[in-house]
Amino acid sequence: MDSVFEIQYTNRQILVDILDSHSLEQLNKIPSGFNNNIIWNAAHCIAVQQSVIYKLSGLSSIVSDEFILKYKQGTRPESPVSQIEVEEIKKLLLTTLDQTVKDYKENKFLNYRKYKTSLGQGYVLKDIASALDFNTYHEGTHSGMVMILKKFV
């Protein structure tokens, strides 16, 4: 499982670096033809990770339910985020993953509720291992989207 977490840390550090190297205006810009922006994609990674790892394990998420509702699948940016929110998202990108690794090593994800994703024919998350694998794929997809968005802001 170490490689899964290593990839997730790499993806998240890339996101933090991008958030650090772009202005607030750039992070909030929704380019023509897109329905979200760089900062939404970064926060979305956190929200989905918290949902598929913690909520489906029957555990409380590290972030607030309001955060998850704001950035869950099917949402889009409703208003620009502030610099304070950007700083919080940057912090959460790393601290939520740190806590997930700690909780995984402490075997806290024992009661996992199966969940059919919207991926293709509906990939089924059946345990914490499949959820972590899916999360790695999901965050890689959104990191790729951020790379594309960078070219338009």
# chains A, B, ... in the order shown; residues from 1 in each chain; ligands from 1
call {"tool": "residues_around", "arguments": {"residues": "A:Thr75", "least_positions_apart": "6", "cutoff": "12 Å", "atoms": "only C-alpha atoms", "output": "list of chain:residue names"}}
result
A:Asn35, A:Asn36, A:Asn37, A:Trp40, A:Asn41, A:Ala43, A:His44, A:Ala47, A:Val48, A:Phe67, A:Ile68, A:Leu69
call {"tool": "write_last_selection", "arguments": {"atoms": "all heavy atoms", "output": "mmCIF file, in the first residue's frame"}}
result
data_model
loop_
_atom_site.group_PDB
_atom_site.id
_atom_site.type_symbol
_atom_site.label_atom_id
_atom_site.label_comp_id
_atom_site.auth_asym_id
_atom_site.auth_seq_id
_atom_site.Cartn_x
_atom_site.Cartn_y
_atom_site.Cartn_z
ATOM 1 N N ASN A 35 -16.098 23.916 -17.021
ATOM 2 C CA ASN A 35 -17.130 24.202 -16.019
ATOM 3 C C ASN A 35 -16.568 24.286 -14.603
ATOM 4 O O ASN A 35 -17.319 24.330 -13.641
ATOM 5 C CB ASN A 35 -18.273 23.185 -16.090
ATOM 6 C CG ASN A 35 -17.812 21.769 -15.801
ATOM 7 O OD1 ASN A 35 -16.660 21.529 -15.478
ATOM 8 N ND2 ASN A 35 -18.720 20.827 -15.934
ATOM 9 N N ASN A 36 -15.231 24.261 -14.497
ATOM 10 C CA ASN A 36 -14.628 24.426 -13.175
ATOM 11 C C ASN A 36 -13.257 25.072 -13.329
ATOM 12 O O ASN A 36 -12.871 25.462 -14.421
ATOM 13 C CB ASN A 36 -14.578 23.091 -12.418
ATOM 14 C CG ASN A 36 -13.871 22.006 -13.194
ATOM 15 O OD1 ASN A 36 -12.800 22.222 -13.757
ATOM 16 N ND2 ASN A 36 -14.458 20.821 -13.233
ATOM 17 N N ASN A 37 -12.533 25.177 -12.219
ATOM 18 C CA ASN A 37 -11.260 25.883 -12.230
ATOM 19 C C ASN A 37 -10.206 25.096 -11.442
ATOM 20 O O ASN A 37 -10.491 24.008 -10.924
ATOM 21 C CB ASN A 37 -11.435 27.300 -11.664
ATOM 22 C CG ASN A 37 -12.102 27.307 -10.301
ATOM 23 O OD1 ASN A 37 -11.968 26.382 -9.519
ATOM 24 N ND2 ASN A 37 -12.840 28.370 -10.015
ATOM 25 N N TRP A 40 -11.065 24.550 -7.622
ATOM 26 C CA TRP A 40 -12.154 23.586 -7.439
ATOM 27 C C TRP A 40 -11.627 22.166 -7.575
ATOM 28 O O TRP A 40 -11.967 21.282 -6.770
ATOM 29 C CB TRP A 40 -13.297 23.839 -8.430
ATOM 30 C CG TRP A 40 -14.431 22.875 -8.238
ATOM 31 C CD1 TRP A 40 -15.527 23.042 -7.440
ATOM 32 C CD2 TRP A 40 -14.561 21.569 -8.816
ATOM 33 N NE1 TRP A 40 -16.330 21.921 -7.489
ATOM 34 C CE2 TRP A 40 -15.749 21.005 -8.331
ATOM 35 C CE3 TRP A 40 -13.790 20.824 -9.697
ATOM 36 C CZ2 TRP A 40 -16.186 19.736 -8.694
ATOM 37 C CZ3 TRP A 40 -14.211 19.544 -10.055
ATOM 38 C CH2 TRP A 40 -15.411 19.009 -9.560
ATOM 39 N N ASN A 41 -10.797 21.903 -8.572
ATOM 40 C CA ASN A 41 -10.258 20.558 -8.778
ATOM 41 C C ASN A 41 -9.437 20.095 -7.576
ATOM 42 O O ASN A 41 -9.536 18.941 -7.157
ATOM 43 C CB ASN A 41 -9.417 20.506 -10.050
ATOM 44 C CG ASN A 41 -10.263 20.295 -11.277
ATOM 45 O OD1 ASN A 41 -10.612 19.176 -11.622
ATOM 46 N ND2 ASN A 41 -10.621 21.390 -11.931
ATOM 47 N N ALA A 43 -9.718 21.135 -4.404
ATOM 48 C CA ALA A 43 -10.632 20.906 -3.283
ATOM 49 C C ALA A 43 -11.503 19.670 -3.526
ATOM 50 O O ALA A 43 -11.814 18.925 -2.588
ATOM 51 C CB ALA A 43 -11.503 22.138 -3.059
ATOM 52 N N HIS A 44 -11.867 19.437 -4.774
ATOM 53 C CA HIS A 44 -12.668 18.264 -5.132
ATOM 54 C C HIS A 44 -11.917 16.970 -4.776
ATOM 55 O O HIS A 44 -12.526 16.020 -4.288
ATOM 56 C CB HIS A 44 -13.000 18.320 -6.625
ATOM 57 C CG HIS A 44 -13.700 17.111 -7.141
ATOM 58 N ND1 HIS A 44 -15.015 16.825 -6.833
ATOM 59 C CD2 HIS A 44 -13.263 16.114 -7.956
ATOM 60 C CE1 HIS A 44 -15.357 15.691 -7.442
ATOM 61 N NE2 HIS A 44 -14.311 15.242 -8.117
ATOM 62 N N ALA A 47 -12.479 16.439 -1.114
ATOM 63 C CA ALA A 47 -13.866 16.067 -0.803
ATOM 64 C C ALA A 47 -14.157 14.614 -1.179
ATOM 65 O O ALA A 47 -14.765 13.873 -0.394
ATOM 66 C CB ALA A 47 -14.832 17.009 -1.516
ATOM 67 N N VAL A 48 -13.725 14.215 -2.351
ATOM 68 C CA VAL A 48 -13.996 12.839 -2.785
ATOM 69 C C VAL A 48 -13.201 11.847 -1.944
ATOM 70 O O VAL A 48 -13.727 10.809 -1.528
ATOM 71 C CB VAL A 48 -13.716 12.667 -4.294
ATOM 72 C CG1 VAL A 48 -13.742 11.196 -4.693
ATOM 73 C CG2 VAL A 48 -14.728 13.460 -5.108
ATOM 74 N N PHE A 67 -17.823 21.421 3.463
ATOM 75 C CA PHE A 67 -16.734 21.372 2.491
ATOM 76 C C PHE A 67 -17.021 20.280 1.459
ATOM 77 O O PHE A 67 -16.909 20.503 0.253
ATOM 78 C CB PHE A 67 -15.396 21.104 3.198
ATOM 79 C CG PHE A 67 -14.199 21.147 2.293
ATOM 80 C CD1 PHE A 67 -13.459 22.313 2.169
ATOM 81 C CD2 PHE A 67 -13.805 20.030 1.568
ATOM 82 C CE1 PHE A 67 -12.350 22.371 1.331
ATOM 83 C CE2 PHE A 67 -12.707 20.071 0.726
ATOM 84 C CZ PHE A 67 -11.978 21.239 0.606
ATOM 85 N N ILE A 68 -17.401 19.108 1.937
ATOM 86 C CA ILE A 68 -17.697 17.998 1.025
ATOM 87 C C ILE A 68 -18.852 18.363 0.104
ATOM 88 O O ILE A 68 -18.787 18.124 -1.105
ATOM 89 C CB ILE A 68 -17.971 16.699 1.810
ATOM 90 C CG1 ILE A 68 -16.671 16.233 2.489
ATOM 91 C CG2 ILE A 68 -18.534 15.616 0.898
ATOM 92 C CD1 ILE A 68 -16.841 15.073 3.445
ATOM 93 N N LEU A 69 -19.906 18.945 0.643
ATOM 94 C CA LEU A 69 -21.055 19.331 -0.189
ATOM 95 C C LEU A 69 -20.668 20.367 -1.243
ATOM 96 O O LEU A 69 -21.162 20.321 -2.369
ATOM 97 C CB LEU A 69 -22.182 19.876 0.682
ATOM 98 C CG LEU A 69 -22.949 18.843 1.506
ATOM 99 C CD1 LEU A 69 -23.908 19.539 2.474
ATOM 100 C CD2 LEU A 69 -23.693 17.873 0.604
#
call {"tool": "select_by_dssp", "arguments": {"residues": "chain A", "states": "strand (DSSP E)", "output": "list in words"}}
result
Tyr115, Lys116, Val124 and Leu125 of chain A
call {"tool": "write_last_selection", "arguments": {"atoms": "N, CA and C atoms", "output": "PDB file, in the first residue's frame"}}
result
ATOM      1  N   TYR A 115     -19.672   0.504  -2.722  1.00  0.00           N
ATOM      2  CA  TYR A 115     -20.180   1.668  -3.443  1.00  0.00           C
ATOM      3  C   TYR A 115     -19.836   1.534  -4.916  1.00  0.00           C
ATOM      4  N   LYS A 116     -20.833   1.701  -5.764  1.00  0.00           N
ATOM      5  CA  LYS A 116     -20.637   1.651  -7.214  1.00  0.00           C
ATOM      6  C   LYS A 116     -20.350   3.060  -7.725  1.00  0.00           C
ATOM      7  N   VAL A 124     -16.801  -0.917  -8.664  1.00  0.00           N
ATOM      8  CA  VAL A 124     -17.320  -1.073  -7.310  1.00  0.00           C
ATOM      9  C   VAL A 124     -16.175  -0.994  -6.290  1.00  0.00           C
ATOM     10  N   LEU A 125     -16.336  -0.076  -5.359  1.00  0.00           N
ATOM     11  CA  LEU A 125     -15.417   0.013  -4.228  1.00  0.00           C
ATOM     12  C   LEU A 125     -15.939  -0.978  -3.199  1.00  0.00           C
TER      13      LEU A 125
END
call {"tool": "residues_around", "arguments": {"residues": "A:Val4", "least_positions_apart": "6", "cutoff": "8 Å", "atoms": "only C-alpha atoms", "output": "list in words"}}
result
Leu132, Asp133 and Thr136 of chain A
call {"tool": "residues_around", "arguments": {"residues": "A:Ser82", "least_positions_apart": "6", "cutoff": "12 Å", "atoms": "only C-alpha atoms", "output": "list of chain:residue names"}}
result
A:Ser23, A:Leu24, A:Glu25, A:Leu27, A:Asn28, A:Ile39, A:Glu88, A:Ile89
call {"tool": "residues_around", "arguments": {"residues": "A:Val52", "least_positions_apart": "4", "cutoff": "12 Å", "atoms": "only C-alpha atoms", "output": "MDAnalysis selection string"}}
result
chainID A and resid 45:48 56:61 68 72:73 100 109 112:117 124:136 138
call {"tool": "write_last_selection", "arguments": {"atoms": "N, CA and C atoms", "output": "short mmCIF file (atom, residue, chain, number, x, y, z; two decimals), in the first residue's frame"}}
result
data_model
loop_
_atom_site.label_atom_id
_atom_site.label_comp_id
_atom_site.auth_asym_id
_atom_site.auth_seq_id
_atom_site.Cartn_x
_atom_site.Cartn_y
_atom_site.Cartn_z
N CYS A 45 -10.61 16.96 -4.99
CA CYS A 45 -9.81 15.78 -4.63
C CYS A 45 -9.95 15.48 -3.14
N ILE A 46 -9.92 16.50 -2.33
CA ILE A 46 -10.06 16.33 -0.88
C ILE A 46 -11.46 15.81 -0.54
N ALA A 47 -12.48 16.44 -1.11
CA ALA A 47 -13.87 16.07 -0.80
C ALA A 47 -14.16 14.61 -1.18
N VAL A 48 -13.73 14.22 -2.35
CA VAL A 48 -14.00 12.84 -2.78
C VAL A 48 -13.20 11.85 -1.94
N LEU A 56 -17.51 6.16 3.60
CA LEU A 56 -17.90 4.79 3.25
C LEU A 56 -17.34 3.76 4.24
N SER A 57 -16.42 4.17 5.08
CA SER A 57 -15.93 3.31 6.16
C SER A 57 -16.72 3.51 7.44
N GLY A 58 -17.71 4.39 7.39
CA GLY A 58 -18.52 4.65 8.57
C GLY A 58 -17.84 5.55 9.58
N LEU A 59 -16.80 6.26 9.13
CA LEU A 59 -16.06 7.16 10.02
C LEU A 59 -16.38 8.61 9.71
N SER A 60 -16.15 9.47 10.66
CA SER A 60 -16.32 10.90 10.44
C SER A 60 -15.20 11.41 9.54
N SER A 61 -15.55 12.29 8.65
CA SER A 61 -14.53 12.87 7.78
C SER A 61 -13.70 13.89 8.55
N ILE A 68 -17.40 19.11 1.94
CA ILE A 68 -17.70 18.00 1.03
C ILE A 68 -18.85 18.36 0.10
N LYS A 72 -18.18 18.22 -3.85
CA LYS A 72 -18.44 16.83 -4.24
C LYS A 72 -18.72 16.72 -5.73
N GLN A 73 -18.80 15.46 -6.20
CA GLN A 73 -19.11 15.19 -7.60
C GLN A 73 -20.42 15.88 -7.98
N THR A 100 -4.95 10.07 6.81
CA THR A 100 -5.41 8.83 6.19
C THR A 100 -4.37 7.73 6.31
N PHE A 109 -10.13 1.42 9.03
CA PHE A 109 -11.08 1.31 7.91
C PHE A 109 -11.58 -0.13 7.76
N TYR A 112 -16.19 -1.31 5.69
CA TYR A 112 -16.37 -0.57 4.45
C TYR A 112 -17.68 -0.95 3.77
N ARG A 113 -18.45 0.07 3.39
CA ARG A 113 -19.73 -0.13 2.69
C ARG A 113 -19.49 -0.07 1.19
N LYS A 114 -19.86 -1.11 0.47
CA LYS A 114 -19.66 -1.16 -0.98
C LYS A 114 -20.33 0.03 -1.65
N TYR A 115 -19.67 0.50 -2.72
CA TYR A 115 -20.18 1.67 -3.44
C TYR A 115 -19.84 1.53 -4.92
N LYS A 116 -20.83 1.70 -5.76
CA LYS A 116 -20.64 1.65 -7.21
C LYS A 116 -20.35 3.06 -7.72
N THR A 117 -19.16 3.25 -8.28
CA THR A 117 -18.76 4.57 -8.78
C THR A 117 -19.41 4.85 -10.12
N VAL A 124 -16.80 -0.92 -8.66
CA VAL A 124 -17.32 -1.07 -7.31
C VAL A 124 -16.18 -0.99 -6.29
N LEU A 125 -16.34 -0.08 -5.36
CA LEU A 125 -15.42 0.01 -4.23
C LEU A 125 -15.94 -0.98 -3.20
N LYS A 126 -15.15 -2.00 -2.91
CA LYS A 126 -15.65 -3.06 -2.03
C LYS A 126 -14.96 -3.12 -0.67
N ASP A 127 -13.80 -2.45 -0.59
CA ASP A 127 -13.05 -2.44 0.66
C ASP A 127 -12.10 -1.24 0.61
N ILE A 128 -11.34 -1.05 1.67
CA ILE A 128 -10.47 0.12 1.74
C ILE A 128 -9.39 0.07 0.66
N ALA A 129 -8.90 -1.12 0.33
CA ALA A 129 -7.86 -1.23 -0.70
C ALA A 129 -8.38 -0.74 -2.05
N SER A 130 -9.57 -1.17 -2.44
CA SER A 130 -10.13 -0.73 -3.73
C SER A 130 -10.45 0.76 -3.69
N ALA A 131 -10.86 1.27 -2.52
CA ALA A 131 -11.15 2.70 -2.39
C ALA A 131 -9.88 3.53 -2.55
N LEU A 132 -8.78 3.06 -1.95
CA LEU A 132 -7.51 3.78 -2.08
C LEU A 132 -6.99 3.72 -3.52
N ASP A 133 -7.15 2.57 -4.17
CA ASP A 133 -6.76 2.47 -5.58
C ASP A 133 -7.58 3.43 -6.43
N PHE A 134 -8.89 3.44 -6.23
CA PHE A 134 -9.75 4.33 -6.99
C PHE A 134 -9.38 5.79 -6.72
N ASN A 135 -9.11 6.12 -5.47
CA ASN A 135 -8.77 7.49 -5.13
C ASN A 135 -7.50 7.93 -5.86
N THR A 136 -6.53 7.03 -5.98
CA THR A 136 -5.30 7.35 -6.70
C THR A 136 -5.62 7.68 -8.16
N HIS A 138 -8.57 8.66 -9.36
CA HIS A 138 -9.40 9.86 -9.38
C HIS A 138 -8.55 11.13 -9.25
#
call {"tool": "closest_residue", "arguments": {"among": "A:Lys105, A:Ile38, A:Leu110, A:Leu97", "to": "A:Val81", "atoms": "only C-alpha atoms"}}
result
A:Ile38
call {"tool": "atom_distance", "arguments": {"atom1": "atom CA of A:Gly120", "atom2": "atom CA of A:Gln50"}}
result
21.6 Å
call {"tool": "atom_distance", "arguments": {"atom1": "atom CA of A:Glu139", "atom2": "atom CA of A:Leu92"}}
result
14.2 Å
call {"tool": "residues_around", "arguments": {"residues": "A:Gln13", "least_positions_apart": "5", "cutoff": "9 Å", "atoms": "only C-alpha atoms", "output": "MDAnalysis selection string"}}
result
chainID A and resid 8 18 93:94
call {"tool": "select_by_dssp", "arguments": {"residues": "stretch 14-91 of chain A", "states": "alpha helix (DSSP H)", "output": "PyMOL selection string"}}
result
chain A and resi 14-20+24-28+38-49+65-71+83-91
